[in-house]
>>> print(open('query30.txt').read())   # compact mmCIF, C-alpha atoms
# COMPACT_ATOMS: atom_id res chain seq x y z
CA GLN U 1 -10.26 -48.78 19.19
CA VAL U 2 -10.57 -51.17 22.12
CA ILE U 3 -13.96 -51.02 23.85
CA GLY U 4 -13.63 -54.25 25.76
CA GLU U 5 -11.66 -57.44 26.40
CA ASN U 6 -13.39 -60.76 27.15
CA LYS U 7 -16.68 -58.86 27.34
CA LEU U 8 -19.75 -60.87 26.36
CA PRO U 9 -22.14 -59.66 23.65
CA ALA U 10 -25.17 -57.66 24.75
CA HIS U 11 -28.36 -59.66 25.25
CA ALA U 12 -31.93 -59.34 26.49
CA SER U 13 -32.27 -58.51 30.17
CA PHE U 14 -33.71 -61.49 32.04
CA THR U 15 -33.25 -63.59 35.17
CA SER U 16 -32.48 -67.31 35.02
CA PHE U 17 -34.48 -69.55 37.38
CA SER U 18 -33.99 -73.22 38.25
CA ASN U 19 -37.70 -73.97 38.65
CA SER U 20 -41.15 -72.43 38.37
CA GLU U 21 -41.35 -71.76 42.12
CA GLU U 22 -38.28 -69.52 41.92
CA ARG U 23 -39.70 -67.83 38.84
CA GLU U 24 -43.06 -67.08 40.47
CA ALA U 25 -41.35 -65.74 43.60
CA LYS U 26 -38.79 -63.81 41.50
CA GLN U 27 -36.05 -65.19 43.74
CA ALA U 28 -33.28 -66.91 41.79
CA LYS U 29 -31.07 -69.28 43.79
CA TYR U 30 -28.03 -68.58 41.63
CA PHE U 31 -28.05 -64.81 41.92
CA LYS U 32 -25.84 -62.82 44.28
CA LEU U 33 -25.94 -59.03 44.53
CA LEU U 34 -22.53 -57.48 45.21
CA ASN U 35 -23.76 -53.98 46.04
CA GLY U 36 -22.77 -52.55 49.40
CA THR U 37 -19.50 -51.57 51.03
CA TRP U 38 -16.27 -52.11 49.07
CA LYS U 39 -12.69 -51.21 49.99
CA PHE U 40 -11.60 -48.23 47.90
CA ASN U 41 -8.44 -46.44 46.83
CA TRP U 42 -8.42 -43.17 44.87
CA VAL U 43 -5.46 -41.50 43.14
CA LYS U 44 -5.23 -38.43 40.89
CA ASN U 45 -2.57 -39.85 38.61
CA PRO U 46 -2.78 -43.21 36.80
CA LYS U 47 0.89 -43.91 37.51
CA ASP U 48 0.11 -43.90 41.25
CA ARG U 49 -2.66 -46.50 41.05
CA PRO U 50 -2.21 -49.85 42.84
CA THR U 51 -0.60 -52.38 40.50
CA SER U 52 -0.94 -55.53 42.61
CA LEU U 53 -4.68 -56.16 42.29
CA MET U 54 -3.88 -59.33 40.34
CA ASP U 55 -2.14 -60.74 43.42
CA PRO U 56 -4.64 -63.12 45.12
CA GLU U 57 -3.06 -62.24 48.47
CA PHE U 58 -3.39 -58.48 47.93
CA ASP U 59 -4.39 -56.76 51.17
CA ALA U 60 -6.77 -53.78 50.89
CA SER U 61 -7.78 -53.73 54.56
CA ASP U 62 -6.27 -50.27 55.16
CA TRP U 63 -8.15 -48.68 52.24
CA ASP U 64 -11.16 -46.41 52.63
CA ASP U 65 -14.73 -47.71 52.38
CA ILE U 66 -17.11 -46.71 49.59
CA LYS U 67 -20.67 -47.61 48.65
CA VAL U 68 -21.36 -49.45 45.41
CA PRO U 69 -23.06 -48.14 43.39
CA SER U 70 -21.94 -44.55 43.92
CA ASN U 71 -20.02 -41.71 42.31
CA TRP U 72 -16.70 -41.26 44.04
CA GLU U 73 -16.83 -37.43 43.73
CA VAL U 74 -20.11 -37.45 45.69
CA GLU U 75 -18.43 -39.65 48.31
CA GLY U 76 -15.62 -37.13 48.85
CA PHE U 77 -12.99 -38.33 46.36
CA GLY U 78 -12.03 -35.89 43.60
CA VAL U 79 -13.90 -33.00 42.03
CA PRO U 80 -17.30 -33.10 40.26
CA ILE U 81 -17.28 -31.11 37.03
CA TYR U 82 -20.21 -29.51 35.24
CA VAL U 83 -19.83 -28.30 31.66
CA ASN U 84 -22.15 -28.20 28.67
CA HIS U 85 -20.58 -29.08 25.32
CA GLN U 86 -16.93 -28.85 26.33
CA TYR U 87 -14.83 -31.87 27.18
CA GLU U 88 -14.31 -31.71 30.92
CA PHE U 89 -10.78 -33.06 30.60
CA ALA U 90 -9.81 -30.02 28.52
CA ASP U 91 -8.51 -27.16 30.66
CA TYR U 92 -11.83 -25.30 30.76
CA LYS U 93 -12.47 -24.41 34.39
CA ALA U 94 -11.34 -27.88 35.40
CA PRO U 95 -8.34 -29.07 37.47
CA ILE U 96 -6.55 -30.63 34.54
CA ALA U 97 -2.79 -30.95 34.00
CA ASP U 98 -1.19 -29.11 31.10
CA ASP U 99 0.12 -32.21 29.33
CA MET U 100 -2.28 -31.88 26.37
CA GLU U 101 -2.57 -29.47 23.46
CA PHE U 102 -5.83 -27.56 23.07
CA ILE U 103 -7.76 -25.48 20.58
CA ASP U 104 -9.03 -22.37 22.39
CA LYS U 105 -8.45 -24.26 25.64
CA ILE U 106 -11.77 -26.05 25.15
CA TYR U 107 -11.26 -28.89 22.68
CA PRO U 108 -8.20 -31.15 22.65
CA LYS U 109 -6.07 -30.68 19.56
CA ASN U 110 -5.27 -34.38 19.57
CA PRO U 111 -8.64 -36.22 19.75
CA GLY U 112 -8.41 -39.62 21.40
CA ASP U 113 -5.90 -38.52 24.00
CA VAL U 114 -6.83 -38.01 27.64
CA PRO U 115 -4.65 -36.47 30.35
CA ASP U 116 -1.75 -38.50 31.68
CA GLU U 117 -0.98 -36.34 34.69
CA TYR U 118 -4.54 -35.88 35.94
CA ASN U 119 -6.88 -38.79 35.24
CA PRO U 120 -8.24 -40.11 38.56
CA VAL U 121 -8.37 -43.87 39.09
CA GLY U 122 -10.61 -45.63 41.59
CA SER U 123 -9.67 -49.15 42.72
CA TYR U 124 -12.33 -51.35 44.33
CA VAL U 125 -11.98 -54.63 46.27
CA ARG U 126 -14.51 -56.82 48.08
CA GLU U 127 -14.95 -60.44 49.13
CA PHE U 128 -17.94 -62.70 48.64
CA THR U 129 -18.69 -66.39 49.10
CA VAL U 130 -20.48 -69.04 47.05
CA ASP U 131 -21.29 -72.65 47.93
CA LYS U 132 -20.18 -75.69 45.95
CA ASP U 133 -23.39 -75.83 43.87
CA TRP U 134 -22.18 -72.82 41.89
CA LYS U 135 -19.35 -74.89 40.38
CA ASN U 136 -21.95 -76.85 38.39
CA LYS U 137 -23.11 -73.65 36.73
CA GLU U 138 -21.84 -71.29 34.10
CA VAL U 139 -21.31 -68.11 36.14
CA PHE U 140 -21.29 -64.52 34.92
CA LEU U 141 -20.33 -61.17 36.42
CA HIS U 142 -22.61 -58.24 35.59
CA ILE U 143 -21.45 -54.63 36.07
CA GLY U 144 -24.38 -52.35 35.31
CA ALA U 145 -22.33 -49.23 34.55
CA MET U 146 -18.87 -47.91 35.33
CA LYS U 147 -17.58 -44.54 34.20
CA SER U 148 -15.71 -44.45 32.08
CA GLY U 149 -13.65 -47.62 31.72
CA GLY U 150 -12.50 -50.40 34.00
CA PHE U 151 -10.44 -53.58 34.43
CA VAL U 152 -11.68 -56.60 36.39
CA TRP U 153 -9.83 -59.34 38.33
CA LEU U 154 -11.22 -62.29 40.29
CA ASN U 155 -9.02 -64.18 42.74
CA GLY U 156 -5.97 -62.64 41.08
CA LYS U 157 -6.99 -63.72 37.56
CA TYR U 158 -7.54 -61.09 34.89
CA ILE U 159 -11.19 -61.22 33.78
CA GLY U 160 -11.49 -58.39 31.28
CA TYR U 161 -11.98 -54.74 30.44
CA SER U 162 -14.93 -52.57 29.44
CA GLN U 163 -15.67 -48.99 28.51
CA GLY U 164 -18.97 -47.37 27.63
CA SER U 165 -20.28 -45.66 30.74
CA LYS U 166 -24.00 -46.38 30.50
CA LEU U 167 -23.85 -49.91 29.12
CA PRO U 168 -23.66 -53.07 31.22
CA ALA U 169 -20.54 -55.21 30.99
CA GLU U 170 -20.72 -58.98 31.48
CA PHE U 171 -17.91 -61.51 31.79
CA ASN U 172 -17.80 -65.29 32.14
CA ILE U 173 -16.07 -65.95 35.48
CA SER U 174 -16.70 -69.70 35.71
CA GLU U 175 -13.04 -70.75 35.60
CA ALA U 176 -11.86 -68.13 38.10
CA LEU U 177 -14.66 -68.67 40.63
CA LYS U 178 -13.88 -70.77 43.73
CA THR U 179 -16.09 -72.53 46.25
CA GLY U 180 -16.02 -70.48 49.44
CA LYS U 181 -14.34 -67.08 49.61
CA ASN U 182 -13.67 -65.07 46.44
CA THR U 183 -12.03 -61.67 46.00
CA ILE U 184 -13.12 -59.35 43.20
CA ALA U 185 -11.13 -56.24 42.21
CA LEU U 186 -12.01 -53.45 39.78
CA GLN U 187 -9.93 -50.51 38.62
CA VAL U 188 -11.94 -47.68 37.06
CA PHE U 189 -10.48 -44.75 35.09
CA ARG U 190 -12.29 -41.43 35.06
CA TRP U 191 -11.49 -40.81 31.38
CA THR U 192 -10.75 -43.05 28.41
CA ASP U 193 -10.76 -42.39 24.67
CA GLY U 194 -14.43 -43.40 24.85
CA SER U 195 -15.08 -40.22 26.86
CA TYR U 196 -15.05 -38.33 23.57
CA LEU U 197 -18.43 -39.94 22.80
CA GLU U 198 -19.86 -39.05 26.23
CA CYS U 199 -19.92 -35.27 26.01
CA GLN U 200 -23.41 -34.54 27.35
CA ASP U 201 -24.81 -31.54 29.19
CA PHE U 202 -24.76 -32.97 32.71
CA TRP U 203 -22.56 -33.49 35.74
CA ARG U 204 -19.34 -35.30 34.81
CA ILE U 205 -18.73 -37.70 37.68
CA SER U 206 -17.21 -41.15 37.94
CA GLY U 207 -17.38 -44.58 39.51
CA ILE U 208 -19.54 -47.72 39.52
CA GLU U 209 -22.98 -46.26 38.87
CA ARG U 210 -25.30 -49.29 38.72
CA ASP U 211 -25.73 -52.73 40.29
CA VAL U 212 -22.96 -55.32 40.40
CA PHE U 213 -23.97 -58.97 40.70
CA ILE U 214 -23.12 -62.52 39.67
CA TYR U 215 -25.55 -65.11 38.37
CA GLY U 216 -25.39 -68.76 37.39
CA GLN U 217 -27.02 -70.67 34.53
CA PRO U 218 -27.01 -74.33 33.44
CA LYS U 219 -24.19 -75.53 31.18
CA ILE U 220 -26.79 -75.52 28.41
CA ARG U 221 -28.38 -72.14 28.85
CA ILE U 222 -30.70 -69.53 27.42
CA GLN U 223 -28.20 -67.03 26.03
CA ASP U 224 -30.52 -64.47 24.45
CA PHE U 225 -33.98 -63.99 23.01
CA GLU U 226 -35.80 -61.47 20.86
CA ILE U 227 -39.56 -60.97 20.95
CA VAL U 228 -41.58 -59.02 18.39
CA SER U 229 -45.24 -58.61 19.35
CA THR U 230 -47.39 -56.47 17.09
CA LEU U 231 -50.86 -56.38 15.50
CA ASP U 232 -52.15 -57.41 12.10
CA ASP U 233 -53.24 -54.82 9.53
CA ALA U 234 -56.78 -54.80 10.94
CA TYR U 235 -55.49 -54.19 14.50
CA GLN U 236 -57.45 -57.23 15.67
CA ASN U 237 -55.07 -60.16 16.12
CA GLY U 238 -51.68 -60.29 17.76
CA GLU U 239 -48.65 -61.38 15.74
CA LEU U 240 -45.89 -62.98 17.80
CA SER U 241 -42.34 -63.77 16.68
CA ILE U 242 -39.76 -65.27 19.08
CA ASP U 243 -36.09 -66.04 18.43
CA ILE U 244 -34.19 -67.83 21.20
CA ASP U 245 -30.45 -68.55 21.32
CA ILE U 246 -29.27 -71.61 23.28
CA LYS U 247 -25.57 -71.90 24.20
CA ASN U 248 -23.95 -75.26 25.05
CA HIS U 249 -20.94 -75.07 27.41
CA LEU U 250 -20.60 -78.85 27.80
CA ASN U 251 -17.90 -80.92 26.12
CA LYS U 252 -20.48 -82.87 24.14
CA ASN U 253 -23.63 -82.40 22.09
CA LYS U 254 -26.89 -82.73 23.98
CA ALA U 255 -30.54 -83.14 23.00
CA ILE U 256 -32.94 -80.78 24.76
CA SER U 257 -36.43 -79.38 24.27
CA LEU U 258 -37.39 -75.71 24.24
CA THR U 259 -40.89 -74.51 25.14
CA TYR U 260 -42.59 -71.15 25.22
CA SER U 261 -46.02 -70.27 26.64
CA VAL U 262 -48.04 -67.04 26.65
CA LEU U 263 -50.34 -66.46 29.64
CA ASP U 264 -53.09 -63.89 30.00
CA ALA U 265 -53.74 -61.78 33.10
CA ASN U 266 -55.60 -64.70 34.70
CA LYS U 267 -52.61 -67.03 34.11
CA ASN U 268 -54.44 -68.99 31.42
CA ILE U 269 -52.20 -70.34 28.64
CA ILE U 270 -53.45 -68.86 25.36
CA VAL U 271 -50.69 -70.21 23.11
CA SER U 272 -47.62 -72.44 23.50
CA ASP U 273 -45.22 -74.51 21.43
CA VAL U 274 -42.29 -76.87 21.91
CA LYS U 275 -39.33 -77.76 19.71
CA SER U 276 -36.56 -80.32 20.07
CA LEU U 277 -32.98 -79.43 19.23
CA ASN U 278 -29.49 -80.83 19.37
CA ALA U 279 -27.37 -78.35 21.31
CA ILE U 280 -23.91 -78.46 19.72
CA ASN U 281 -20.84 -78.34 21.97
CA ASP U 282 -19.48 -74.79 22.41
CA GLN U 283 -21.92 -73.38 19.88
CA THR U 284 -25.07 -71.28 19.87
CA THR U 285 -28.23 -72.77 18.38
CA SER U 286 -31.06 -70.44 17.32
CA VAL U 287 -34.72 -71.47 17.45
CA HIS U 288 -37.64 -69.56 15.92
CA PHE U 289 -41.30 -69.59 16.99
CA GLN U 290 -44.22 -67.77 15.41
CA ALA U 291 -47.89 -67.51 16.42
CA ILE U 292 -51.13 -65.60 15.93
CA ILE U 293 -53.06 -64.47 19.03
CA PRO U 294 -56.74 -64.10 18.05
CA ARG U 295 -58.37 -60.90 19.36
CA ALA U 296 -55.32 -59.98 21.40
CA LYS U 297 -55.87 -57.29 24.01
CA GLN U 298 -54.01 -54.26 22.73
CA TRP U 299 -51.37 -52.38 24.69
CA SER U 300 -51.79 -48.60 24.81
CA ALA U 301 -50.94 -45.85 27.29
CA GLU U 302 -54.60 -45.75 28.35
CA HIS U 303 -54.97 -49.54 28.55
CA PRO U 304 -51.52 -51.12 29.11
CA ASN U 305 -52.63 -54.74 28.70
CA LEU U 306 -49.76 -57.17 29.19
CA TYR U 307 -49.25 -60.90 28.79
CA THR U 308 -46.61 -63.12 30.42
CA LEU U 309 -44.25 -65.08 28.19
CA ILE U 310 -42.51 -68.08 29.79
CA ILE U 311 -39.50 -69.89 28.29
CA GLU U 312 -38.35 -73.32 29.52
CA THR U 313 -35.62 -75.78 28.59
CA LYS U 314 -35.70 -79.48 29.52
CA ASN U 315 -33.23 -82.33 29.11
CA ASP U 316 -33.92 -85.54 27.20
CA LYS U 317 -35.52 -87.01 30.35
CA GLY U 318 -38.05 -84.18 30.53
CA GLU U 319 -36.38 -82.59 33.57
CA LEU U 320 -36.45 -78.80 33.76
CA LEU U 321 -33.07 -77.19 33.15
CA GLU U 322 -33.91 -73.49 33.14
CA THR U 323 -36.86 -71.13 32.96
CA THR U 324 -37.43 -67.40 32.68
CA SER U 325 -40.30 -65.04 31.97
CA THR U 326 -40.99 -61.55 30.68
CA LYS U 327 -43.95 -59.28 30.06
CA ILE U 328 -45.08 -58.61 26.48
CA GLY U 329 -47.73 -56.39 24.93
CA PHE U 330 -49.33 -56.24 21.49
CA ARG U 331 -49.33 -52.87 19.72
CA SER U 332 -48.50 -51.38 16.34
CA VAL U 333 -46.47 -48.22 15.76
CA GLU U 334 -46.51 -46.63 12.31
CA ILE U 335 -46.36 -43.33 10.46
CA LYS U 336 -49.03 -42.71 7.81
CA ASN U 337 -49.44 -39.45 5.90
CA GLY U 338 -47.02 -37.81 8.30
CA LEU U 339 -49.00 -38.86 11.38
CA LEU U 340 -47.80 -41.08 14.22
CA LEU U 341 -50.30 -43.87 14.85
CA ILE U 342 -50.49 -46.27 17.80
CA ASN U 343 -52.82 -49.20 17.08
CA GLY U 344 -54.16 -47.21 14.15
CA GLN U 345 -55.04 -44.17 16.27
CA ARG U 346 -53.38 -40.79 15.94
CA ILE U 347 -51.57 -39.61 19.07
CA THR U 348 -49.86 -36.41 20.13
CA LEU U 349 -46.52 -36.70 21.87
CA LYS U 350 -46.14 -34.75 25.10
CA GLY U 351 -42.58 -35.24 26.16
CA VAL U 352 -39.90 -34.30 28.65
CA ASN U 353 -36.17 -34.86 28.96
CA THR U 354 -34.70 -36.63 31.97
CA GLN U 355 -31.28 -37.55 33.30
CA GLU U 356 -30.25 -39.97 36.04
CA THR U 357 -29.29 -37.31 38.57
CA ASP U 358 -30.01 -37.04 42.28
CA PRO U 359 -28.88 -33.92 44.21
CA GLU U 360 -27.47 -36.10 46.99
CA THR U 361 -26.29 -39.29 45.27
CA GLY U 362 -25.24 -38.10 41.81
CA HIS U 363 -26.06 -40.53 39.01
CA ILE U 364 -27.40 -43.19 41.37
CA MET U 365 -31.20 -43.18 41.38
CA SER U 366 -33.21 -44.93 44.08
CA GLU U 367 -36.30 -46.91 43.10
CA GLU U 368 -38.34 -44.46 45.18
CA LEU U 369 -37.09 -41.46 43.19
CA ILE U 370 -37.56 -43.22 39.84
CA LEU U 371 -41.18 -44.02 40.73
CA LYS U 372 -41.72 -40.44 41.91
CA ASP U 373 -40.59 -39.15 38.51
CA ILE U 374 -42.87 -41.59 36.69
CA ARG U 375 -45.87 -40.59 38.80
CA LEU U 376 -45.20 -36.91 38.11
CA TRP U 377 -45.07 -37.62 34.38
CA LYS U 378 -48.34 -39.52 34.49
CA GLU U 379 -50.02 -36.82 36.57
CA ASN U 380 -49.03 -34.26 33.94
CA ASN U 381 -50.12 -36.38 30.94
CA ILE U 382 -46.56 -36.98 29.73
CA ASN U 383 -46.43 -39.87 27.25
CA ALA U 384 -42.87 -39.58 25.87
CA VAL U 385 -39.56 -39.37 27.73
CA ARG U 386 -36.11 -38.69 26.30
CA LEU U 387 -33.37 -40.36 28.36
CA SER U 388 -30.18 -38.32 27.98
>>> encode(input="query30.txt", output="structure tokens")
Amino acid sequence: QVIGENKLPAHASFTSFSNSEEREAKQAKYFKLLNGTWKFNWVKNPKDRPTSLMDPEFDASDWDDIKVPSNWEVEGFGVPIYVNHQYEFADYKAPIADDMEFIDKIYPKNPGDVPDEYNPVGSYVREFTVDKDWKNKEVFLHIGAMKSGGFVWLNGKYIGYSQGSKLPAEFNISEALKTGKNTIALQVFRWTDGSYLECQDFWRISGIERDVFIYGQPKIRIQDFEIVSTLDDAYQNGELSIDIDIKNHLNKNKAISLTYSVLDANKNIIVSDVKSLNAINDQTTSVHFQAIIPRAKQWSAEHPNLYTLIIETKNDKGELLETTSTKIGFRSVEIKNGLLLINGQRITLKGVNTQETDPETGHIMSEELILKDIRLWKENNINAVRLS
């Protein structure tokens, strides 16, 4: 089964900054959000979809407009479908063509197939500009979610394909990116064979459902990191383990240094370390750090104490290449004698189920609505949430 072409491996979610001032302000210079108004074409049948998106001179000026992110059914294109456990592309109260075989008209007899005659396709086009400084960077396209599968082109060049409706897709677009005006095109199919794994009890709607943006990193970059922050057996000291992957996109090996620091709430450095490494051309180098934090302030629902972890890379002249930061907390989670313990204390789970659904915007949730949900949970002593 194909779940992607040219798609980069999943990694920790973080923002790359060129200096500490950007990091403190949370404003990255090499970050461009592509949300907003896109040109849009919608067809019921895949055979009617535009087939010239790879043409750099393709003209979409007479297409409709659509917001990104959005669900195209909510924006007036196609039909939203609600079913429980049935596949919505089976002919169960849904406007589906009869080109498939079914068992009891609910489940396809030939799993893996999706309709040929009725499988709506949304095509998206927009322009954006970047200045010449971006050409010195390794540049990536991030698509937060598209349902259920989509192809990507940039300036007429095929970039890749992804399916998996609630997972981000990232592609390296460095070679296709131009200084000045660029044209990005996406073609999203309502159903793919991956839709068989997405049969949940909620509204079945389609489109680009989360943020789309590009970002740039140095040619030697932080590719990924994993942080494990827990407590010792006495629940007194923090135990910190950090693994960082560095990727070299240059045509030569390069010596760099890698530093991490942990800051408390008052921005005091409580632990830090630095290691030198030889970043090998076109390879990923992994670096491990480990530390003990004496009398670490524990994280709990009642006292959510957090620390700031900063990662920096520098060249052999000591000049900063890249920096990022993230929040970390120290806690232990374990089951003893059938009891769930947080930091050694028994807790009772009080949970709810939630879905990303807004009555007006479909699966696109505003920050305001997300915060409203969280406040309601806290006001009602909810301490566990199932995201479905």
>>> residues_near_point(input="query30.txt", point="(-53.7, -60.7, 20.8)", cutoff="12 Å", atoms="all atoms listed in the file", output="VMD selection string")
chain U and resid 229 to 232 234 to 240 262 to 264 270 to 271 291 to 299 305 to 307 328 to 332
>>> residues_around(input="query30.txt", residues="Trp134 in chain U", least_positions_apart="5", cutoff="9 Å", atoms="all atoms listed in the file", output="CSV table (one decimal) with C-alpha atoms, keeping the file's coordinate frame")
chain,number,residue,atom,x,y,z
U,30,TYR,CA,-28.0,-68.6,41.6
U,139,VAL,CA,-21.3,-68.1,36.1
U,174,SER,CA,-16.7,-69.7,35.7
U,177,LEU,CA,-14.7,-68.7,40.6
U,178,LYS,CA,-13.9,-70.8,43.7
U,179,THR,CA,-16.1,-72.5,46.2
U,216,GLY,CA,-25.4,-68.8,37.4
>>> residues_near_point(input="query30.txt", point="(-38.4, -68.6, 40.2)", cutoff="9 Å", atoms="only C-alpha atoms", output="list in words")
Thr15, Ser16, Phe17, Ser18, Asn19, Ser20, Glu21, Glu22, Arg23, Glu24, Ala25, Lys26, Gln27, Ala28, Lys29, Thr323 and Thr324 of chain U
>>> closest_atom_pairs(input="query30.txt", of="range 208-286 of chain U", to="range 346-367 of chain U", cutoff="12 Å", atoms="all atoms listed in the file", output="CSV")
residue,atom,partner,partner_atom,distance
U:Ile208,CA,U:Ile364,CA,9.3
U:Glu209,CA,U:Ile364,CA,5.9
U:Arg210,CA,U:Ile364,CA,7.0
U:Asp211,CA,U:Ile364,CA,9.7
>>> residues_around(input="query30.txt", residues="Gln345 in chain U", least_positions_apart="5", cutoff="10 Å", atoms="all atoms listed in the file", output="list in words")
Ser332, Val333, Glu334, Leu339 and Leu340 of chain U
>>> closest_residue(input="query30.txt", among="U:Glu302, U:Gly122, U:Val228, U:Asn71", to="Asn381 in chain U", atoms="only C-alpha atoms")
U:Glu302
>>> closest_residue(input="query30.txt", among="U:Lys39, U:Lys219, U:Arg375, U:Lys7", to="Asn136 in chain U", atoms="all atoms listed in the file")
U:Lys219
>>> residues_around(input="query30.txt", residues="Asp64 in chain U", least_positions_apart="5", cutoff="9 Å", atoms="all atoms listed in the file", output="list of chain:residue names")
U:Trp38, U:Lys39, U:Phe40, U:Asn41, U:Trp42
>>> write_last_selection(input="query30.txt", atoms="C-alpha atoms", output="compact mmCIF listing (two decimals), keeping the file's coordinate frame")
# COMPACT_ATOMS: atom_id res chain seq x y z
CA TRP U 38 -16.27 -52.11 49.07
CA LYS U 39 -12.69 -51.21 49.99
CA PHE U 40 -11.60 -48.23 47.90
CA ASN U 41 -8.44 -46.44 46.83
CA TRP U 42 -8.42 -43.17 44.87
>>> closest_residue(input="query30.txt", among="U:Ala279, U:Val152, U:Leu250, U:Ala255", to="Ala176 in chain U", atoms="all atoms listed in the file")
U:Val152
>>> atom_distance(input="query30.txt", atom1="CA of Tyr260 in chain U", atom2="CA of Ala12 in chain U")
16.0 Å
>>> atom_distance(input="query30.txt", atom1="CA of Leu369 in chain U", atom2="CA of Arg386 in chain U")
17.1 Å
>>> residues_around(input="query30.txt", residues="range 190-207 of chain U", least_positions_apart="2", cutoff="7 Å", atoms="all atoms listed in the file", output="list of chain:residue names")
U:Ser70, U:Asn71, U:Trp72, U:Glu73, U:Pro80, U:Ile81, U:Tyr82, U:Val83, U:Asn84, U:His85, U:Tyr87, U:Gly112, U:Asp113, U:Val114, U:Asn119, U:Pro120, U:Val121, U:Met146, U:Lys147, U:Ser148, U:Gly149, U:Gln163, U:Gly164, U:Val188, U:Glu209
